[in-house]
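**Q** For reference, this is input00.csv, and it has CSV, C-alpha atoms.
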```
chain,number,residue,atom,x,y,z
A,1,MET,CA,269.3,-17.6,-54.1
A,2,ASP,CA,270.2,-14.0,-55.0
A,3,ARG,CA,267.8,-14.0,-57.9
A,4,ARG,CA,264.9,-15.0,-55.6
A,5,ARG,CA,265.9,-12.3,-53.1
A,6,GLY,CA,266.0,-9.7,-55.9
A,7,ALA,CA,262.7,-10.8,-57.3
A,8,ALA,CA,261.1,-10.6,-53.9
A,9,SER,CA,262.4,-7.1,-53.2
A,10,GLY,CA,261.2,-6.0,-56.6
A,11,ARG,CA,257.6,-7.0,-55.7
A,12,THR,CA,257.7,-4.9,-52.5
A,13,ALA,CA,258.9,-1.7,-54.2
A,14,PRO,CA,255.5,-0.8,-55.7
A,15,ARG,CA,253.9,-1.3,-52.3
A,16,ARG,CA,256.4,1.0,-50.7
A,17,ALA,CA,255.7,3.7,-53.3
A,18,GLU,CA,252.0,3.2,-52.8
A,19,GLN,CA,252.3,3.7,-49.0
A,20,ALA,CA,254.4,6.8,-49.5
A,21,ARG,CA,251.7,8.6,-51.4
A,22,PRO,CA,249.7,11.2,-49.5
A,23,PRO,CA,246.1,10.2,-48.8
A,24,ALA,CA,243.6,11.3,-51.4
A,25,PRO,CA,241.8,14.6,-50.4
A,26,ASP,CA,238.2,14.2,-49.2
A,27,TRP,CA,237.0,17.1,-51.4
A,28,LEU,CA,238.0,18.6,-54.7
A,29,ILE,CA,237.4,21.8,-56.6
A,30,GLU,CA,237.8,21.6,-60.4
A,31,GLN,CA,239.1,24.8,-62.0
A,32,GLY,CA,238.1,26.0,-65.4
A,33,LEU,CA,240.5,26.3,-68.3
A,34,GLY,CA,243.5,28.4,-67.6
A,35,GLY,CA,242.9,28.2,-63.9
A,36,ARG,CA,239.8,30.3,-64.2
A,37,ALA,CA,236.8,30.3,-61.9
A,38,PRO,CA,235.9,27.0,-60.2
A,39,VAL,CA,233.4,24.9,-62.2
A,40,TYR,CA,232.6,21.9,-60.0
A,41,VAL,CA,232.9,20.7,-56.4
A,42,HIS,CA,233.6,16.9,-56.2
A,43,VAL,CA,233.9,14.3,-53.5
A,44,GLY,CA,237.6,13.3,-53.3
A,45,ASP,CA,237.3,10.0,-55.1
A,46,CYS,CA,235.0,11.1,-57.9
A,47,HIS,CA,235.8,9.4,-61.2
A,48,MET,CA,234.7,12.5,-63.1
A,49,ALA,CA,237.1,15.0,-61.4
A,50,GLY,CA,239.4,16.5,-64.1
A,51,LYS,CA,243.1,17.1,-64.1
A,52,ARG,CA,242.5,20.7,-63.0
A,53,SER,CA,241.2,19.6,-59.6
A,54,ARG,CA,242.8,20.5,-56.3
A,55,GLY,CA,242.2,19.2,-52.9
A,56,VAL,CA,240.3,21.4,-50.4
A,57,THR,CA,239.0,21.2,-46.9
A,58,GLN,CA,235.4,20.4,-46.1
A,59,ASP,CA,234.7,24.0,-45.2
A,60,GLN,CA,236.2,25.2,-48.5
A,61,ALA,CA,234.1,22.8,-50.5
A,62,ARG,CA,230.9,23.8,-48.6
A,63,GLN,CA,231.8,27.5,-49.1
A,64,ALA,CA,232.2,27.0,-52.8
A,65,LEU,CA,228.8,25.4,-53.0
A,66,TYR,CA,227.3,28.4,-51.1
A,67,GLU,CA,229.1,30.7,-53.6
A,68,GLN,CA,227.2,29.0,-56.5
A,69,VAL,CA,230.0,26.6,-57.8
A,70,ASP,CA,228.1,23.7,-59.3
A,71,ALA,CA,228.1,20.3,-57.5
A,72,CYS,CA,229.2,17.4,-59.7
A,73,PRO,CA,226.1,15.6,-60.9
A,74,HIS,CA,227.9,12.3,-60.6
A,75,CYS,CA,229.3,12.3,-57.0
A,76,ARG,CA,226.8,14.8,-55.5
A,77,PRO,CA,229.0,16.6,-52.9
A,78,ASP,CA,226.1,18.9,-52.0
A,79,THR,CA,224.3,15.9,-50.6
A,80,GLU,CA,227.4,14.6,-48.8
A,81,LEU,CA,227.9,18.0,-47.2
A,82,GLY,CA,224.3,18.7,-46.5
A,83,VAL,CA,224.1,21.7,-48.8
A,84,LEU,CA,221.0,21.0,-50.8
A,85,ASP,CA,219.8,24.5,-51.5
A,86,HIS,CA,222.8,26.5,-52.7
```
Using the file provided, produce a representation of the structure as structure tokens.

**A**
Amino acid sequence: MDRRRGAASGRTAPRRAEQARPPAPDWLIEQGLGGRAPVYVHVGDCHMAGKRSRGVTQDQARQALYEQVDACPHCRPDTELGVLDH
């Protein structure tokens, strides 16, 4: 009986860890090498966002596009944000 109880609690541990994670950001800005100038704005769940990405607010993402940071050609945050001519 103890083995079954232990096995059952082991299955719920990953679920608890998953629930404890903060929600993914809605928008990302990817920094250049060495933390240099931003290179791309991404939608939060973009598969092309690199490890140098950080979560930002919608206003920060929109401002970056207005400041000529490129929109990711895969997730098209400029379309999502309504910033087509930046």

**Q** Using atom CA of A:Tyr66 and atom CA of A:Pro22 as the two end points, give the distance in Å to one decimal.

**A**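 Value for the atom CA of A:Tyr66-atom CA of A:Pro22 distance: 28.3 Å.
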
**Q** Skipping near chain neighbours, those fewer than 2 positions away, what residues fall within 9 Å of A:Met48 using all atoms listed in the file, listed as a list in words?

**A** His42, Asp45, Cys46, Gly50, Cys72, His74 and Cys75 of chain A

**Q** Atom CA of A:Ile29 and atom CA of A:Gly55, how far apart in Å?

**A** 6.6 Å

**Q** Given only C-alpha atoms as the basis, pick out the residue of A:Arg76, A:Gly34, A:Val69, A:Trp27 nearest to A:Arg54.

**A** A:Trp27

**Q** Report, in Å with one decimal, the straight-line distance from atom CA of A:Leu28 to atom CA of A:Val43.

**A**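 Rounded to one decimal, the two atoms are 6.1 Å apart.
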
**Q** Ranking A:Arg21, A:Val83, A:Val41, A:Ala71 by minimum distance to A:Ser53 and counting only C-alpha atoms, which one comes first?

**A**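 Among the listed residues, A:Val41 lies closest to A:Ser53.
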
**Q** Would you mind telling me which residue in A:Pro73, A:Gly82, A:Gly35, A:Gly44 lies nearest to A:Thr57 when using all atoms listed in the file?

**A** A:Gly44

**Q** Hey, which of A:Arg52, A:His47, A:Leu81, A:Gln19 ends up closest to A:Ala64? Count all atoms listed in the file.

**A**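 Checking each candidate against A:Ala64, we get A:Leu81 as the closest.
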
**Q** Under the rule that only C-alpha atoms are counted, which of A:Gln63, A:Gln68, A:Gln58, A:Thr79 is the nearest residue to A:Val39?

**A**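 Selected residue with least distance to A:Val39: A:Gln68.
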
**Q** Given the choices A:Arg36, A:Glu30, A:Ala20, A:Pro77, which gets closest to A:Leu65 if the distance is worked out from all atoms listed in the file?

**A**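 For A:Leu65, the nearest of the candidates is A:Pro77.
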